[in-house]
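Trainee: One structure, as structure tokens, below. Some questions next.
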Amino acid sequence: MRKLIGVEMRLPDGKLPGFYAQIVKGIADRAELFDRHKELLIFRSREELPAVLDLLAHYKVESDLLDLLLLPEDGIRRGPRYEDYIVETNQENRYAVLSEVRFFELTEERPEAETAPALAQLEEELIVRLEPPGIRLLAVDAQSEEWAERVAEAYRCGVRWHRFEN
């Protein structure tokens with residue numbers, strides 16, 4: 001899994017369809033675009049952003065920067081809230097916006113831990129389960145951290161949060 005940076009453009013209303021194409025072409029001349037999805041442009045690093053943001057300012061396009069996590073190709077199990085939080089691109093890449101999603105492992109902190117019923121209760125709010133070789137991460141909405149910890153505690157499990165820093 002890799003952390004990438006997204007630029008979410010807010011295009012002005014009333015522009016012709018060629019306006020977006022012109023911006024994307026201008027960005028491609030200035031920085032290497034890793035991926036894109038609608039108005040979301042995805043780059044490998046923040047070093048590429050100054051030229052991109054200058055171009056957007058020239059066209060008077062507002063934007064927000066998003067820290068994204070590129071999910072693995074294999075071992076993804078969609079949760080009931082997957083569609084609300086995970087961005088899928090035409091290149092078949094999947095991204096989580098790190099400000100909106102929290103990743104964790106459910107751990108067996110005590111010998112009497114009951115992970116199966118804890119997972120069953122957590123399932124209703126899960127965004128995604130990541131189970132590529134050697135990893136088992138669960139993801140919930142950022143506002144659900146405390147709830148996930150309470151569920152884990154009720155079944156004598158622990159929670160190990162994963163923060164994806166630069």
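Chain labels A, B, ... are given in the sequence in which chains occur in the structure tokens; within each chain residues are numbered consecutively from 1, and ligands are likewise numbered from 1 in the order shown.
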Residues at most 9 Å from range 77-94 of chain A, counting only C-alpha atoms, excluding those fewer than 3 positions away in the same chain, as number ranges by chain?
Mentor: A: 35-38, 69-73, 97, 100-101, 123-131, 139-141
Trainee: Those selected residues, please, written with C-alpha atoms and delivered as an mmCIF file, in the first residue's frame.
Mentor:
```
data_model
loop_
_atom_site.group_PDB
_atom_site.id
_atom_site.type_symbol
_atom_site.label_atom_id
_atom_site.label_comp_id
_atom_site.auth_asym_id
_atom_site.auth_seq_id
_atom_site.Cartn_x
_atom_site.Cartn_y
_atom_site.Cartn_z
ATOM 1 C CA ASP A 35 -4.027 8.324 -11.985
ATOM 2 C CA ARG A 36 -7.276 10.259 -12.128
ATOM 3 C CA HIS A 37 -10.980 9.888 -11.456
ATOM 4 C CA LYS A 38 -13.368 12.575 -12.651
ATOM 5 C CA LEU A 69 -3.934 5.368 0.302
ATOM 6 C CA LEU A 70 -3.585 3.135 -2.746
ATOM 7 C CA LEU A 71 -5.144 -0.166 -1.712
ATOM 8 C CA PRO A 72 -3.595 -3.484 -2.744
ATOM 9 C CA GLU A 73 -4.769 -5.184 -5.916
ATOM 10 C CA VAL A 97 -9.116 9.197 1.524
ATOM 11 C CA GLU A 100 -12.225 9.933 6.097
ATOM 12 C CA VAL A 101 -11.143 6.335 6.777
ATOM 13 C CA GLU A 123 -19.034 -5.948 9.813
ATOM 14 C CA GLU A 124 -22.114 -3.717 9.636
ATOM 15 C CA GLU A 125 -19.971 -0.552 9.625
ATOM 16 C CA LEU A 126 -16.950 -1.825 7.688
ATOM 17 C CA ILE A 127 -15.791 -0.014 4.614
ATOM 18 C CA VAL A 128 -13.282 -2.609 3.525
ATOM 19 C CA ARG A 129 -11.247 -5.566 4.762
ATOM 20 C CA LEU A 130 -7.719 -5.824 3.423
ATOM 21 C CA GLU A 131 -6.349 -9.341 3.511
ATOM 22 C CA ALA A 139 -11.404 0.051 7.791
ATOM 23 C CA VAL A 140 -14.174 2.158 9.284
ATOM 24 C CA ASP A 141 -15.311 5.755 8.959
#
```
Trainee: Tell me which protein, DNA and RNA residues are within 9 Å of Val151 in chain A, counting only C-alpha atoms, leaving out same-chain ones fewer than 6 positions away, and put them as a PyMOL selection string.
Mentor: chain A and resi 118-119+121-122+157
Trainee: Have a look at A:Ala120, A:Leu68, A:Ala51, A:Val61 and name the one nearest to Ser99 in chain A; count only C-alpha atoms.
Mentor: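 Using only C-alpha atoms, Ser99 in chain A sits closest to A:Leu68.
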Trainee: What are the DSSP strand (DSSP E or B) residues of range 7-103 of chain A, as a PyMOL selection string?
Mentor: chain A and resi 7-10+33-37+40-43+62-70+76-78+86-88+94-97+101-103
Trainee: So which bits of chain A end up alpha helix (DSSP H) when you DSSP the backbone, as a PyMOL selection string?
Mentor: chain A and resi 17-30+49-58+82-85+115-123+145-154
Trainee: Hey, which bits of range 42-84 of chain A sit within 12 Å of range 8-14 of chain A, and for each residue what's the closest pair of atoms and how far apart in Å (one decimal), counting only C-alpha atoms, rows by chain and increasing number, as a Markdown table?
Mentor:
```
| residue | atom | partner | partner_atom | distance |
| --- | --- | --- | --- | --- |
| A:Ile42 | CA | A:Glu8 | CA | 8.6 |
| A:Phe43 | CA | A:Glu8 | CA | 11.3 |
| A:Val52 | CA | A:Met9 | CA | 10.9 |
| A:Leu53 | CA | A:Met9 | CA | 10.0 |
| A:Leu55 | CA | A:Met9 | CA | 11.6 |
| A:Leu56 | CA | A:Met9 | CA | 8.3 |
| A:Ala57 | CA | A:Met9 | CA | 10.8 |
| A:Tyr59 | CA | A:Leu11 | CA | 9.4 |
| A:Lys60 | CA | A:Pro12 | CA | 8.1 |
| A:Val61 | CA | A:Leu11 | CA | 5.6 |
| A:Glu62 | CA | A:Arg10 | CA | 5.3 |
| A:Ser63 | CA | A:Met9 | CA | 4.3 |
| A:Asp64 | CA | A:Glu8 | CA | 5.2 |
| A:Leu65 | CA | A:Glu8 | CA | 6.4 |
| A:Leu66 | CA | A:Glu8 | CA | 7.3 |
| A:Asp67 | CA | A:Glu8 | CA | 10.7 |
| A:Leu68 | CA | A:Glu8 | CA | 11.3 |
```
Trainee: Restricting the calculation to only C-alpha atoms: of A:Ala154, A:Ile135, A:Leu40, A:Ala142, which residue gets closest to Glu114 in chain A?
Mentor: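 Closest to Glu114 in chain A of all the choices is A:Ala154.
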Trainee: Pick the closest to Leu138 in chain A from A:Ile76, A:Glu108, A:Tyr95, A:Pro117: which is it, counting only C-alpha atoms?
Mentor: A:Ile76
